[in-house]
file structure.cif (mmCIF, C-alpha atoms)
data_input
#
loop_
_atom_site.group_PDB
_atom_site.id
_atom_site.type_symbol
_atom_site.label_atom_id
_atom_site.label_comp_id
_atom_site.auth_asym_id
_atom_site.auth_seq_id
_atom_site.Cartn_x
_atom_site.Cartn_y
_atom_site.Cartn_z
ATOM 1 C CA MET I 200 7.849 -125.981 -17.706
ATOM 2 C CA THR I 201 7.045 -124.563 -14.212
ATOM 3 C CA ASP I 202 6.168 -126.202 -10.946
ATOM 4 C CA SER I 203 3.408 -125.127 -8.522
ATOM 5 C CA LYS I 204 5.405 -122.198 -7.060
ATOM 6 C CA GLY I 205 6.252 -120.825 -10.437
ATOM 7 C CA LYS I 206 9.866 -121.972 -10.412
ATOM 8 C CA GLY I 207 11.157 -122.250 -13.865
ATOM 9 C CA SER I 208 13.229 -125.195 -14.887
ATOM 10 C CA GLY I 209 15.680 -122.772 -16.364
ATOM 11 C CA GLY I 210 18.247 -123.149 -13.488
ATOM 12 C CA GLY I 211 17.764 -119.605 -12.052
ATOM 13 C CA GLU I 212 16.695 -119.123 -8.435
ATOM 14 C CA TYR I 213 13.082 -118.203 -7.767
ATOM 15 C CA VAL I 214 12.687 -114.626 -6.437
ATOM 16 C CA GLY I 215 9.356 -113.742 -4.936
ATOM 17 C CA TYR I 216 7.345 -113.935 -1.717
ATOM 18 C CA ARG I 217 9.676 -114.974 1.146
ATOM 19 C CA ASN I 218 12.472 -115.661 -1.317
ATOM 20 C CA PRO I 219 14.655 -112.544 -1.645
ATOM 21 C CA PRO I 220 17.467 -112.383 -4.145
ATOM 22 C CA LYS I 221 20.766 -113.818 -2.912
ATOM 23 C CA SER I 222 22.466 -110.435 -3.231
ATOM 24 C CA SER I 223 20.204 -108.850 -0.597
ATOM 25 C CA GLN I 224 20.236 -111.696 1.922
ATOM 26 C CA PHE I 225 22.327 -111.552 5.110
ATOM 27 C CA VAL I 226 25.849 -112.858 4.684
ATOM 28 C CA LYS I 227 26.732 -115.827 6.899
ATOM 29 C CA GLY I 228 28.888 -114.843 9.892
ATOM 30 C CA ARG I 229 27.970 -111.169 9.735
ATOM 31 C CA SER I 230 25.457 -109.589 12.105
ATOM 32 C CA GLY I 231 22.420 -107.791 10.773
ATOM 33 C CA ASN I 232 22.736 -105.341 13.689
ATOM 34 C CA PRO I 233 26.473 -104.591 13.929
ATOM 35 C CA ARG I 234 26.227 -101.724 16.434
ATOM 36 C CA GLY I 235 23.947 -103.693 18.734
ATOM 37 C CA ARG I 236 21.198 -102.527 21.009
ATOM 38 C CA PRO I 237 21.524 -98.905 22.217
ATOM 39 C CA ARG I 238 22.495 -98.328 25.825
ATOM 40 C CA ARG I 239 19.931 -97.333 28.439
ATOM 41 C CA PRO I 240 19.826 -93.674 29.418
ATOM 42 C CA LYS I 241 21.793 -92.610 32.515
ATOM 43 C CA THR I 242 18.644 -91.556 34.340
ATOM 44 C CA VAL I 243 17.559 -95.163 34.874
ATOM 45 C CA ALA I 244 20.478 -95.908 37.207
ATOM 46 C CA VAL I 245 19.840 -92.812 39.309
ATOM 47 C CA SER I 246 16.142 -93.577 39.717
ATOM 48 C CA VAL I 247 17.071 -96.779 41.570
ATOM 49 C CA PHE I 248 18.243 -94.622 44.481
ATOM 50 C CA GLY I 249 14.963 -92.795 44.898
ATOM 51 C CA GLY I 250 15.139 -89.856 42.488
ATOM 52 C CA ASN I 251 12.879 -89.619 39.488
ATOM 53 C CA GLU I 252 13.929 -88.945 35.917
ATOM 54 C CA PHE I 253 12.930 -85.270 35.928
ATOM 55 C CA ASP I 254 15.039 -84.555 39.015
ATOM 56 C CA THR I 255 17.996 -86.264 37.374
ATOM 57 C CA MET I 256 17.539 -84.275 34.170
ATOM 58 C CA VAL I 257 17.395 -81.000 36.113
ATOM 59 C CA LEU I 258 20.592 -81.851 37.998
ATOM 60 C CA GLU I 259 22.377 -82.836 34.789
ATOM 61 C CA GLU I 260 21.288 -79.654 33.017
ATOM 62 C CA MET I 261 22.281 -77.398 35.917
ATOM 63 C CA GLY I 262 25.756 -78.957 35.861
ATOM 64 C CA ARG I 263 26.128 -78.681 32.073
ATOM 65 C CA LEU I 264 28.848 -76.277 30.927
ATOM 66 C CA VAL I 265 27.718 -73.269 28.898
ATOM 67 C CA SER I 266 29.779 -70.561 27.232
ATOM 68 C CA ILE I 267 29.210 -67.046 28.507
ATOM 69 C CA ARG I 268 30.812 -63.836 27.342
ATOM 70 C CA GLU I 269 31.978 -61.306 29.859
ATOM 71 C CA GLY I 270 33.595 -58.373 28.159
ATOM 72 C CA GLU I 271 36.069 -59.744 25.628
ATOM 73 C CA THR I 272 36.537 -63.133 27.291
ATOM 74 C CA ILE I 273 34.435 -66.246 26.805
ATOM 75 C CA GLU I 274 34.403 -68.722 29.664
ATOM 76 C CA LYS I 275 32.729 -72.073 30.196
ATOM 77 C CA THR I 276 30.793 -72.311 33.433
ATOM 78 C CA PRO I 277 28.007 -74.539 34.826
ATOM 79 C CA LEU I 278 24.491 -73.459 33.879
ATOM 80 C CA MET I 279 23.514 -72.868 37.520
ATOM 81 C CA ARG I 280 26.412 -70.456 38.016
ATOM 82 C CA ALA I 281 25.541 -68.634 34.792
ATOM 83 C CA ALA I 282 21.889 -68.314 35.862
ATOM 84 C CA THR I 283 22.903 -67.033 39.291
ATOM 85 C CA ARG I 284 25.220 -64.506 37.659
ATOM 86 C CA ALA I 285 22.441 -63.363 35.301
ATOM 87 C CA ILE I 286 19.992 -62.829 38.184
ATOM 88 C CA GLY I 287 22.670 -60.921 40.116
ATOM 89 C CA LEU I 288 23.330 -58.672 37.124
ATOM 90 C CA LYS I 289 19.597 -58.000 36.707
ATOM 91 C CA ALA I 290 19.412 -57.046 40.396
ATOM 92 C CA ALA I 291 22.389 -54.723 39.969
ATOM 93 C CA LYS I 292 20.673 -53.016 37.034
ATOM 94 C CA GLY I 293 17.625 -52.226 39.176
ATOM 95 C CA ASP I 294 15.197 -55.126 38.666
ATOM 96 C CA VAL I 295 13.223 -55.149 41.938
ATOM 97 C CA LYS I 296 12.082 -58.781 41.678
ATOM 98 C CA ALA I 297 15.602 -59.985 40.980
ATOM 99 C CA TYR I 298 16.952 -57.895 43.861
ATOM 100 C CA THR I 299 14.332 -59.331 46.236
ATOM 101 C CA ALA I 300 15.158 -62.890 45.174
ATOM 102 C CA VAL I 301 18.920 -62.360 45.448
ATOM 103 C CA SER I 302 18.785 -60.619 48.814
ATOM 104 C CA ALA I 303 16.415 -63.242 50.271
ATOM 105 C CA LYS I 304 18.652 -66.084 49.112
ATOM 106 C CA PHE I 305 21.765 -64.275 50.366
ATOM 107 C CA ALA I 306 20.163 -63.759 53.802
ATOM 108 C CA ALA I 307 19.150 -67.446 53.957
ATOM 109 C CA VAL I 308 22.679 -68.584 53.085
ATOM 110 C CA GLU I 309 24.218 -66.220 55.648
ATOM 111 C CA ASN I 310 21.803 -67.377 58.378
ATOM 112 C CA ARG I 311 22.538 -71.030 57.621
ATOM 113 C CA ARG I 312 26.299 -70.379 57.648
ATOM 114 C CA ARG I 313 26.056 -68.457 60.936
ATOM 115 C CA ALA I 314 24.008 -71.261 62.529
ATOM 116 C CA GLN I 315 26.596 -73.844 61.420
ATOM 117 C CA GLN I 316 29.421 -71.749 62.877
ATOM 118 C CA GLU I 317 27.561 -71.317 66.171
ATOM 119 C CA GLU I 318 26.887 -75.061 66.359
ATOM 120 C CA LEU I 319 30.552 -75.806 65.689
ATOM 121 C CA LEU I 320 31.657 -73.302 68.332
ATOM 122 C CA ARG I 321 29.229 -74.806 70.864
ATOM 123 C CA ALA I 322 30.518 -78.318 70.159
ATOM 124 C CA VAL I 323 34.156 -77.242 70.487
ATOM 125 C CA THR I 324 33.592 -75.442 73.820
ATOM 126 C CA GLU I 325 31.630 -78.412 75.165
ATOM 127 C CA TYR I 326 34.432 -80.758 74.107
ATOM 128 C CA LYS I 327 37.024 -78.494 75.753
ATOM 129 C CA GLN I 328 35.080 -78.404 79.028
ATOM 130 C CA ARG I 329 34.708 -82.201 79.107
ATOM 131 C CA ALA I 330 38.383 -82.714 78.268
ATOM 132 C CA THR I 331 39.445 -80.260 80.987
ATOM 133 C CA GLN I 332 37.282 -82.061 83.559
ATOM 134 C CA GLU I 333 38.690 -85.444 82.591
ATOM 135 C CA LEU I 334 42.310 -84.287 82.596
ATOM 136 C CA THR I 335 42.312 -82.390 85.917
ATOM 137 C CA PRO I 336 43.648 -84.575 88.728
ATOM 138 C CA GLN I 337 41.009 -85.698 91.184
ATOM 139 C CA PRO I 338 41.865 -85.635 94.925
ATOM 140 C CA VAL I 339 42.527 -89.107 96.300
ATOM 141 C CA GLU I 340 40.411 -90.059 99.315
ATOM 142 C CA ARG I 341 42.289 -91.731 102.147
ATOM 143 C CA SER I 342 40.592 -94.121 104.472
ATOM 144 C CA ASN I 343 41.144 -94.134 108.220
ATOM 145 C CA VAL I 344 41.912 -97.849 108.292
ATOM 146 C CA ARG I 345 45.556 -98.738 108.950
ATOM 147 C CA LEU I 346 47.119 -101.887 107.755
ATOM 148 C CA ALA I 347 49.174 -103.737 110.340
#

call {"tool": "encode", "arguments": {"input": "structure.cif", "output": "structure tokens"}}
result
Amino acid sequence: MTDSKGKGSGGGEYVGYRNPPKSSQFVKGRSGNPRGRPRRPKTVAVSVFGGNEFDTMVLEEMGRLVSIREGETIEKTPLMRAATRAIGLKAAKGDVKAYTAVSAKFAAVENRRRAQQEELLRAVTEYKQRATQELTPQPVERSNVRLA
């Protein structure tokens, strides 16, 4: 004899729509998602401070260590350093575009360094002049009034 849902009176549990077998049901006290929700990517935290995700990805990639072979040795170096080295080697081998790029960047770095040194020198000399003026004794003025 069966009831309206097709359950048999034979003592077995009904398996069907919305009634999975007991062996495949979640066990009490055990999570169905043991590892939990995945963490957010690192780029989200950086974007709070004004950068966008692409800028963050570029910075992360340029800082990533890569293996490069130079002669018989293999060394790990940041990607930006490896790229700079590759452009320098192309310039040394005669690539005109690479030479133009390297020499322009080198000139810009040298000009910026020279300007910083000149600014520092100017600040130091100005500080020295002010300190010398403050430390030199000033002549004391005497009044013509006598105390009796």

call {"tool": "atom_distance", "arguments": {"input": "structure.cif", "atom1": "atom CA of Ala307 of chain I", "atom2": "atom CA of Arg268 of chain I"}}
result
29.3 Å

call {"tool": "closest_atom_pairs", "arguments": {"input": "structure.cif", "of": "segment 289-336 of chain I", "to": "segment 271-283 of chain I", "cutoff": "12 Å", "atoms": "all atoms listed in the file", "output": "Markdown table"}}
result
| residue | atom | partner | partner_atom | distance |
| --- | --- | --- | --- | --- |
| I:Lys289 | CA | I:Thr283 | CA | 10.0 |
| I:Ala290 | CA | I:Thr283 | CA | 10.6 |
| I:Ala297 | CA | I:Thr283 | CA | 10.3 |
| I:Tyr298 | CA | I:Thr283 | CA | 11.8 |
| I:Ala300 | CA | I:Thr283 | CA | 10.6 |
| I:Val301 | CA | I:Thr283 | CA | 8.7 |
| I:Lys304 | CA | I:Thr283 | CA | 10.7 |
| I:Phe305 | CA | I:Thr283 | CA | 11.5 |

call {"tool": "atom_distance", "arguments": {"input": "structure.cif", "atom1": "atom CA of Arg234 of chain I", "atom2": "atom CA of Thr255 of chain I"}}
result
27.3 Å

call {"tool": "atom_distance", "arguments": {"input": "structure.cif", "atom1": "atom CA of Leu288 of chain I", "atom2": "atom CA of Met256 of chain I"}}
result
26.4 Å

call {"tool": "axis_aligned_box", "arguments": {"input": "structure.cif", "around": "segment 305-314 of chain I", "padding_each_side": "4 Å", "output": "JSON"}}
result
{"center_x": 22.7, "center_y": -67.5, "center_z": 56.4, "size_x": 15.1, "size_y": 15.5, "size_z": 20.2}
